[in-house]
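**Student:** File follows, structure-v8.csv with CSV, C-alpha atoms:
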```
chain,number,residue,atom,x,y,z
A,1,ASN,CA,7.7,-17.4,-31.3
A,2,ALA,CA,9.7,-16.9,-28.2
A,3,GLY,CA,12.7,-15.6,-30.2
A,4,VAL,CA,16.1,-16.1,-28.7
A,5,THR,CA,16.1,-17.2,-25.1
A,6,GLN,CA,19.0,-17.4,-22.7
A,7,THR,CA,19.3,-19.0,-19.3
A,8,PRO,CA,20.2,-18.1,-16.6
A,9,LYS,CA,19.8,-14.3,-16.5
A,10,PHE,CA,22.3,-13.9,-13.7
A,11,GLN,CA,25.0,-16.2,-12.4
A,12,VAL,CA,27.8,-16.0,-9.8
A,13,LEU,CA,30.7,-18.5,-10.0
A,14,LYS,CA,33.8,-19.2,-8.0
A,15,THR,CA,37.2,-19.3,-9.8
A,16,GLY,CA,37.7,-22.8,-11.3
A,17,GLN,CA,34.1,-23.8,-11.5
A,18,SER,CA,32.5,-24.8,-14.8
A,19,MET,CA,29.1,-24.0,-16.2
A,20,THR,CA,27.0,-23.8,-19.3
A,21,LEU,CA,25.1,-20.8,-20.6
A,22,GLN,CA,22.1,-21.9,-22.5
A,23,CYS,CA,20.8,-20.4,-25.7
A,24,ALA,CA,17.9,-21.5,-27.8
A,25,GLN,CA,15.9,-20.1,-30.7
A,26,ASP,CA,12.7,-21.2,-32.3
A,27,MET,CA,12.9,-19.3,-35.6
A,28,ASN,CA,14.8,-22.1,-37.5
A,29,HIS,CA,17.8,-19.8,-37.9
A,30,GLU,CA,20.9,-21.4,-39.3
A,31,TYR,CA,23.3,-18.9,-37.9
A,32,MET,CA,24.0,-18.5,-34.1
A,33,SER,CA,26.7,-16.7,-32.2
A,34,TRP,CA,27.9,-15.7,-28.7
A,35,TYR,CA,29.2,-12.3,-27.8
A,36,ARG,CA,30.6,-10.9,-24.5
A,37,GLN,CA,30.1,-7.3,-23.6
A,38,ASP,CA,32.6,-5.5,-21.3
A,39,PRO,CA,32.6,-1.8,-20.4
A,40,GLY,CA,34.3,0.3,-23.0
A,41,MET,CA,34.8,-2.8,-25.3
A,42,GLY,CA,31.6,-3.1,-27.2
A,43,LEU,CA,30.5,-6.7,-28.1
A,44,ARG,CA,33.2,-9.1,-29.0
A,45,LEU,CA,32.5,-12.4,-30.8
A,46,ILE,CA,33.4,-15.6,-28.8
A,47,HIS,CA,32.2,-18.4,-31.1
A,48,TYR,CA,29.7,-18.8,-33.9
A,49,SER,CA,27.9,-21.5,-35.9
A,50,VAL,CA,26.5,-21.5,-39.4
A,51,GLY,CA,24.5,-24.7,-38.9
A,52,ALA,CA,24.1,-27.8,-36.9
A,53,GLY,CA,27.5,-29.6,-36.5
A,54,ILE,CA,29.5,-26.5,-37.6
A,55,THR,CA,31.2,-24.1,-35.2
A,56,ASP,CA,34.1,-21.6,-35.5
A,57,GLN,CA,36.1,-19.3,-33.3
A,58,GLY,CA,35.6,-15.6,-33.0
A,59,GLU,CA,37.8,-12.9,-31.6
A,60,VAL,CA,38.0,-14.1,-28.0
A,61,PRO,CA,37.4,-17.9,-27.9
A,62,ASN,CA,39.9,-18.9,-25.1
A,63,GLY,CA,38.3,-20.5,-22.1
A,64,TYR,CA,35.0,-21.2,-23.9
A,65,ASN,CA,33.6,-24.2,-25.7
A,66,VAL,CA,30.6,-24.5,-27.9
A,67,SER,CA,28.7,-27.3,-29.8
A,68,ARG,CA,25.7,-27.2,-32.1
A,69,SER,CA,24.0,-30.6,-32.1
A,70,THR,CA,20.6,-29.1,-33.1
A,71,THR,CA,19.5,-26.1,-35.1
A,72,GLU,CA,17.7,-24.7,-32.0
A,73,ASP,CA,20.4,-24.8,-29.3
A,74,PHE,CA,23.8,-23.3,-29.0
A,75,PRO,CA,25.2,-23.7,-25.5
A,76,LEU,CA,28.4,-21.9,-24.3
A,77,ARG,CA,30.6,-23.8,-21.8
A,78,LEU,CA,33.0,-22.2,-19.5
A,79,LEU,CA,35.5,-24.9,-18.7
A,80,SER,CA,37.3,-23.3,-15.6
A,81,ALA,CA,35.9,-19.9,-14.8
A,82,ALA,CA,38.3,-17.0,-14.2
A,83,PRO,CA,37.6,-13.5,-13.0
A,84,SER,CA,38.5,-12.2,-16.5
A,85,GLN,CA,35.3,-13.9,-17.7
A,86,THR,CA,33.1,-11.6,-15.6
A,87,SER,CA,31.0,-10.1,-18.3
A,88,VAL,CA,27.5,-9.9,-19.9
A,89,TYR,CA,27.0,-12.6,-22.5
A,90,PHE,CA,24.7,-12.3,-25.5
A,91,CYS,CA,23.5,-15.0,-27.8
A,92,ALA,CA,22.2,-14.0,-31.3
A,93,SER,CA,20.8,-15.8,-34.3
A,94,SER,CA,19.9,-14.9,-37.9
A,95,TYR,CA,19.3,-16.1,-41.4
A,96,SER,CA,16.2,-17.9,-42.2
A,97,LEU,CA,15.7,-19.6,-45.5
A,98,ARG,CA,11.9,-19.4,-44.9
A,99,THR,CA,11.7,-15.6,-44.6
A,100,GLY,CA,14.7,-14.8,-46.8
A,101,LYS,CA,15.7,-12.1,-44.4
A,102,THR,CA,19.5,-12.3,-44.1
A,103,TYR,CA,20.4,-9.1,-42.4
A,104,GLU,CA,18.4,-9.3,-39.2
A,105,GLN,CA,20.2,-10.6,-36.1
A,106,TYR,CA,18.0,-11.4,-33.1
A,107,PHE,CA,19.6,-11.0,-29.7
A,108,GLY,CA,18.7,-12.8,-26.5
A,109,PRO,CA,18.3,-10.8,-23.2
A,110,GLY,CA,21.8,-11.5,-22.0
A,111,THR,CA,23.3,-13.3,-19.0
A,112,ARG,CA,25.3,-11.4,-16.4
A,113,LEU,CA,28.1,-13.6,-15.1
A,114,THR,CA,30.3,-12.7,-12.2
A,115,VAL,CA,33.3,-14.8,-11.3
A,116,THR,CA,34.8,-14.3,-7.8
B,1,ALA,CA,40.2,-8.1,-40.3
B,2,GLN,CA,37.4,-5.6,-40.4
B,3,THR,CA,37.3,-3.0,-37.7
B,4,VAL,CA,34.6,-0.5,-36.6
B,5,THR,CA,35.6,2.7,-34.7
B,6,GLN,CA,33.3,5.0,-32.7
B,7,SER,CA,35.3,8.0,-31.7
B,8,GLN,CA,32.8,9.5,-29.3
B,9,PRO,CA,32.5,7.5,-26.0
B,10,GLU,CA,29.8,9.9,-24.7
B,11,MET,CA,27.5,12.4,-26.2
B,12,SER,CA,24.7,14.5,-24.9
B,13,VAL,CA,21.8,16.3,-26.5
B,14,GLN,CA,19.0,18.6,-25.4
B,15,GLU,CA,15.5,17.2,-25.8
B,16,ALA,CA,14.0,18.0,-29.2
B,17,GLU,CA,17.4,18.8,-30.7
B,18,THR,CA,19.4,16.9,-33.2
B,19,VAL,CA,22.5,14.8,-32.6
B,20,THR,CA,24.9,12.9,-34.8
B,21,LEU,CA,26.9,9.9,-33.7
B,22,SER,CA,30.1,9.0,-35.7
B,23,CYS,CA,31.3,5.7,-37.0
B,24,THR,CA,34.0,4.7,-39.3
B,25,TYR,CA,34.9,1.2,-40.5
B,26,ASP,CA,37.7,-0.6,-42.3
B,27,THR,CA,37.1,-3.3,-44.9
B,28,SER,CA,38.3,-4.5,-48.3
B,29,GLU,CA,35.0,-6.2,-49.0
B,30,SER,CA,32.5,-4.8,-51.5
B,31,ASP,CA,29.4,-6.5,-50.2
B,32,TYR,CA,28.4,-5.7,-46.6
B,33,TYR,CA,25.8,-4.4,-44.2
B,34,LEU,CA,26.1,-1.6,-41.7
B,35,PHE,CA,23.9,-1.2,-38.7
B,36,TRP,CA,23.2,0.9,-35.7
B,37,TYR,CA,22.0,-0.8,-32.6
B,38,LYS,CA,20.5,0.8,-29.5
B,39,GLN,CA,21.0,-0.7,-26.0
B,40,PRO,CA,18.9,0.9,-23.3
B,41,PRO,CA,19.4,0.2,-19.6
B,42,SER,CA,17.3,-3.0,-20.0
B,43,ARG,CA,20.3,-4.4,-21.9
B,44,GLN,CA,18.2,-5.5,-24.8
B,45,MET,CA,19.9,-5.0,-28.2
B,46,ILE,CA,17.5,-3.2,-30.6
B,47,LEU,CA,18.2,-2.7,-34.3
B,48,VAL,CA,17.7,1.0,-35.1
B,49,ILE,CA,18.7,1.1,-38.8
B,50,ARG,CA,20.6,-0.7,-41.5
B,51,GLN,CA,22.3,0.2,-44.7
B,52,GLU,CA,23.3,-2.1,-47.6
B,53,ALA,CA,26.7,-1.2,-49.1
B,54,TYR,CA,25.4,-1.3,-52.7
B,55,LYS,CA,22.6,1.3,-52.0
B,56,GLN,CA,23.6,4.9,-52.5
B,57,GLN,CA,20.5,6.3,-50.9
B,58,ASN,CA,20.9,6.9,-47.2
B,59,ALA,CA,18.6,4.8,-45.0
B,60,THR,CA,15.9,6.5,-42.9
B,61,GLU,CA,13.7,5.2,-40.1
B,62,ASN,CA,11.4,7.9,-38.7
B,63,ARG,CA,13.6,10.2,-36.6
B,64,PHE,CA,16.7,8.2,-37.4
B,65,SER,CA,18.8,8.6,-40.5
B,66,VAL,CA,22.3,7.8,-41.6
B,67,ASN,CA,25.0,9.5,-43.7
B,68,PHE,CA,26.7,6.7,-45.5
B,69,GLN,CA,29.9,7.8,-47.2
B,70,LYS,CA,31.2,4.6,-48.8
B,71,ALA,CA,34.5,6.0,-50.2
B,72,ALA,CA,35.3,7.5,-46.8
B,73,LYS,CA,34.1,4.4,-45.0
B,74,SER,CA,31.9,6.5,-42.8
B,75,PHE,CA,28.5,5.7,-41.4
B,76,SER,CA,27.1,8.3,-39.0
B,77,LEU,CA,23.7,8.2,-37.3
B,78,LYS,CA,21.5,11.3,-37.0
B,79,ILE,CA,18.8,11.4,-34.4
B,80,SER,CA,16.3,14.3,-35.0
B,81,ASP,CA,13.9,15.7,-32.4
B,82,SER,CA,15.6,13.8,-29.6
B,83,GLN,CA,13.5,12.2,-26.9
B,84,LEU,CA,14.2,11.1,-23.4
B,85,GLY,CA,13.7,7.5,-24.5
B,86,ASP,CA,16.6,7.9,-26.9
B,87,ALA,CA,19.0,7.8,-24.0
B,88,ALA,CA,21.1,4.6,-24.4
B,89,MET,CA,24.3,3.1,-25.6
B,90,TYR,CA,24.5,3.1,-29.4
B,91,PHE,CA,26.6,0.6,-31.3
B,92,CYS,CA,27.7,0.8,-34.9
B,93,ALA,CA,28.2,-2.7,-36.5
B,94,TYR,CA,29.5,-4.2,-39.7
B,95,ARG,CA,28.5,-7.5,-41.3
B,96,LYS,CA,30.4,-8.9,-44.3
B,97,GLY,CA,28.3,-10.2,-47.3
B,98,PHE,CA,24.6,-10.6,-47.7
B,99,SER,CA,24.3,-14.3,-46.8
B,100,GLY,CA,23.3,-13.7,-43.2
B,101,ASN,CA,25.9,-16.3,-42.1
B,102,THR,CA,28.7,-14.0,-41.0
B,103,PRO,CA,29.5,-12.4,-37.7
B,104,LEU,CA,28.7,-8.8,-36.7
B,105,VAL,CA,31.7,-6.7,-35.8
B,106,PHE,CA,30.9,-4.0,-33.3
B,107,GLY,CA,32.4,-0.6,-32.4
B,108,LYS,CA,32.9,0.2,-28.7
B,109,GLY,CA,29.8,2.2,-28.4
B,110,THR,CA,28.7,5.8,-27.7
B,111,ARG,CA,26.7,6.6,-24.6
B,112,LEU,CA,24.0,9.1,-25.4
B,113,SER,CA,22.4,11.2,-22.7
B,114,VAL,CA,19.3,13.3,-23.4
B,115,ILE,CA,18.8,16.4,-21.3
B,116,ALA,CA,15.3,17.5,-20.5
```
Go ahead and render the structure in this file as structure tokens.
**Tutor:**
Amino acid sequence: NAGVTQTPKFQVLKTGQSMTLQCAQDMNHEYMSWYRQDPGMGLRLIHYSVGAGITDQGEVPNGYNVSRSTTEDFPLRLLSAAPSQTSVYFCASSYSLRTGKTYEQYFGPGTRLTVT
Amino acid sequence: AQTVTQSQPEMSVQEAETVTLSCTYDTSESDYYLFWYKQPPSRQMILVIRQEAYKQQNATENRFSVNFQKAAKSFSLKISDSQLGDAAMYFCAYRKGFSGNTPLVFGKGTRLSVIA
């Protein structure tokens, strides 16, 4: 298993540009989520999904869109990038009916995004 | 809403000594998990230890142990025989319920330095 993969690892955007951060997992996990990490702020939840076709907002959803058309993929879209969205973004997944392990949350390697 | 507080932004410890990182949380739920994650400079999030709320016995993983005080809503991490590789950001996290389908709530983190 590749686990949780994220692309790209680094990205620089200009203010107003849009882009999609990709997240995929091959563990058949039902639950997936996106966090952003800023210095001194810990990890804050942006959006999450409990299964294909189901998404919900987290603590800091403004400026971001998500969709979950398959179990494997959970892309995060920045609609019009702003300097305040400069951050490190983590995707995570958990909950497998097959293994029965409900506590483990697997994290991707992160994407460092800079908006100028 | 649940909150997690880490009151020590930075800590340092001499190699081979013991250090304790503090964490308090606020919740009205009875079923939940608590976690400590380690984030080294590589940025990867690594699960160090977990505690189920219904277990009275404190969790232990090799040199890492917790002091879980449910009534006080306190969850501290003790690292014994500290090693240079323990230097990292440490995040305390809370997860409601045992279904695996709920978000993690993170504290702001404690940066641990290990002095040779």
**Student:** When distances are computed from all atoms listed in the file, which of B:Gln57, B:Ser12, B:Ser22, B:Gln44 shows the smallest separation from Val4 in chain A?
**Tutor:**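 Ranked by minimum distance to Val4 in chain A, first place goes to B:Gln44.
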**Student:** I need the contact residues of chain A against chain B, so if you could list those with any atom within 12 Å, counting only C-alpha atoms, and return them as a VMD selection string, that would help.
**Tutor:** chain A and resid 4 to 5 9 29 to 51 54 to 59 88 to 97 99 to 112
**Student:** To one decimal place, how far is CA of Ile49 in chain B from CA of Ser28 in chain B in Å?
**Tutor:**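 Value for the CA of Ile49 in chain B-CA of Ser28 in chain B distance: 22.5 Å.
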**Student:** Residues near Thr7 in chain A, anyone? I mean within 8 Å using all atoms listed in the file, not counting same-chain ones fewer than 3 positions away, as a list in words.
**Tutor:** Leu21, Gln22, Cys23 and Thr111 of chain A
**Student:** Please provide the set of residues having any atom within 8 Å of range 76-85 of chain B, restricted to all atoms listed in the file, with same-chain residues fewer than 6 positions apart removed, written as a PyMOL selection string.
**Tutor:** chain B and resi 13-24+36+63-68+114-116
**Student:** Pick from B:Asn62, B:Gln8, B:Ser74, B:Ser113: nearest to Thr27 in chain B, with only C-alpha atoms counted?
**Tutor:**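 Of all the options, B:Ser74 lies closest to Thr27 in chain B.
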**Student:** What separation in Å, quoted to one decimal, exists between CA of Ala2 in chain A and CA of Ala24 in chain A?
**Tutor:**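 For CA of Ala2 in chain A relative to CA of Ala24 in chain A, the distance reads 9.4 Å.
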**Student:** For Leu113 in chain A, work out the shell of residues within 8 Å, counting all atoms listed in the file and skipping chain neighbours fewer than 2 positions away, then give it as a list in words.
**Tutor:**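 Those residues are Phe10, Gln11, Val12, Leu13, Gln85, Thr86, Ser87, Val88, Tyr89, Thr111 and Val115 of chain A.
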**Student:** Since we have the selection now, will you write its residues out, keeping C-alpha atoms, as a PDB file, keeping the file's coordinate frame?
**Tutor:**
```pdb
ATOM      1  CA  PHE A  10      22.300 -13.900 -13.700  1.00  0.00           C
ATOM      2  CA  GLN A  11      25.000 -16.200 -12.400  1.00  0.00           C
ATOM      3  CA  VAL A  12      27.800 -16.000  -9.800  1.00  0.00           C
ATOM      4  CA  LEU A  13      30.700 -18.500 -10.000  1.00  0.00           C
ATOM      5  CA  GLN A  85      35.300 -13.900 -17.700  1.00  0.00           C
ATOM      6  CA  THR A  86      33.100 -11.600 -15.600  1.00  0.00           C
ATOM      7  CA  SER A  87      31.000 -10.100 -18.300  1.00  0.00           C
ATOM      8  CA  VAL A  88      27.500  -9.900 -19.900  1.00  0.00           C
ATOM      9  CA  TYR A  89      27.000 -12.600 -22.500  1.00  0.00           C
ATOM     10  CA  THR A 111      23.300 -13.300 -19.000  1.00  0.00           C
ATOM     11  CA  VAL A 115      33.300 -14.800 -11.300  1.00  0.00           C
TER      12      VAL A 115
END
```
**Student:** CA of Arg111 in chain B to CA of Ala59 in chain B: how many Å, to one decimal?
**Tutor:**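 Atom-to-atom, CA of Arg111 in chain B to CA of Ala59 in chain B, that is 22.0 Å.
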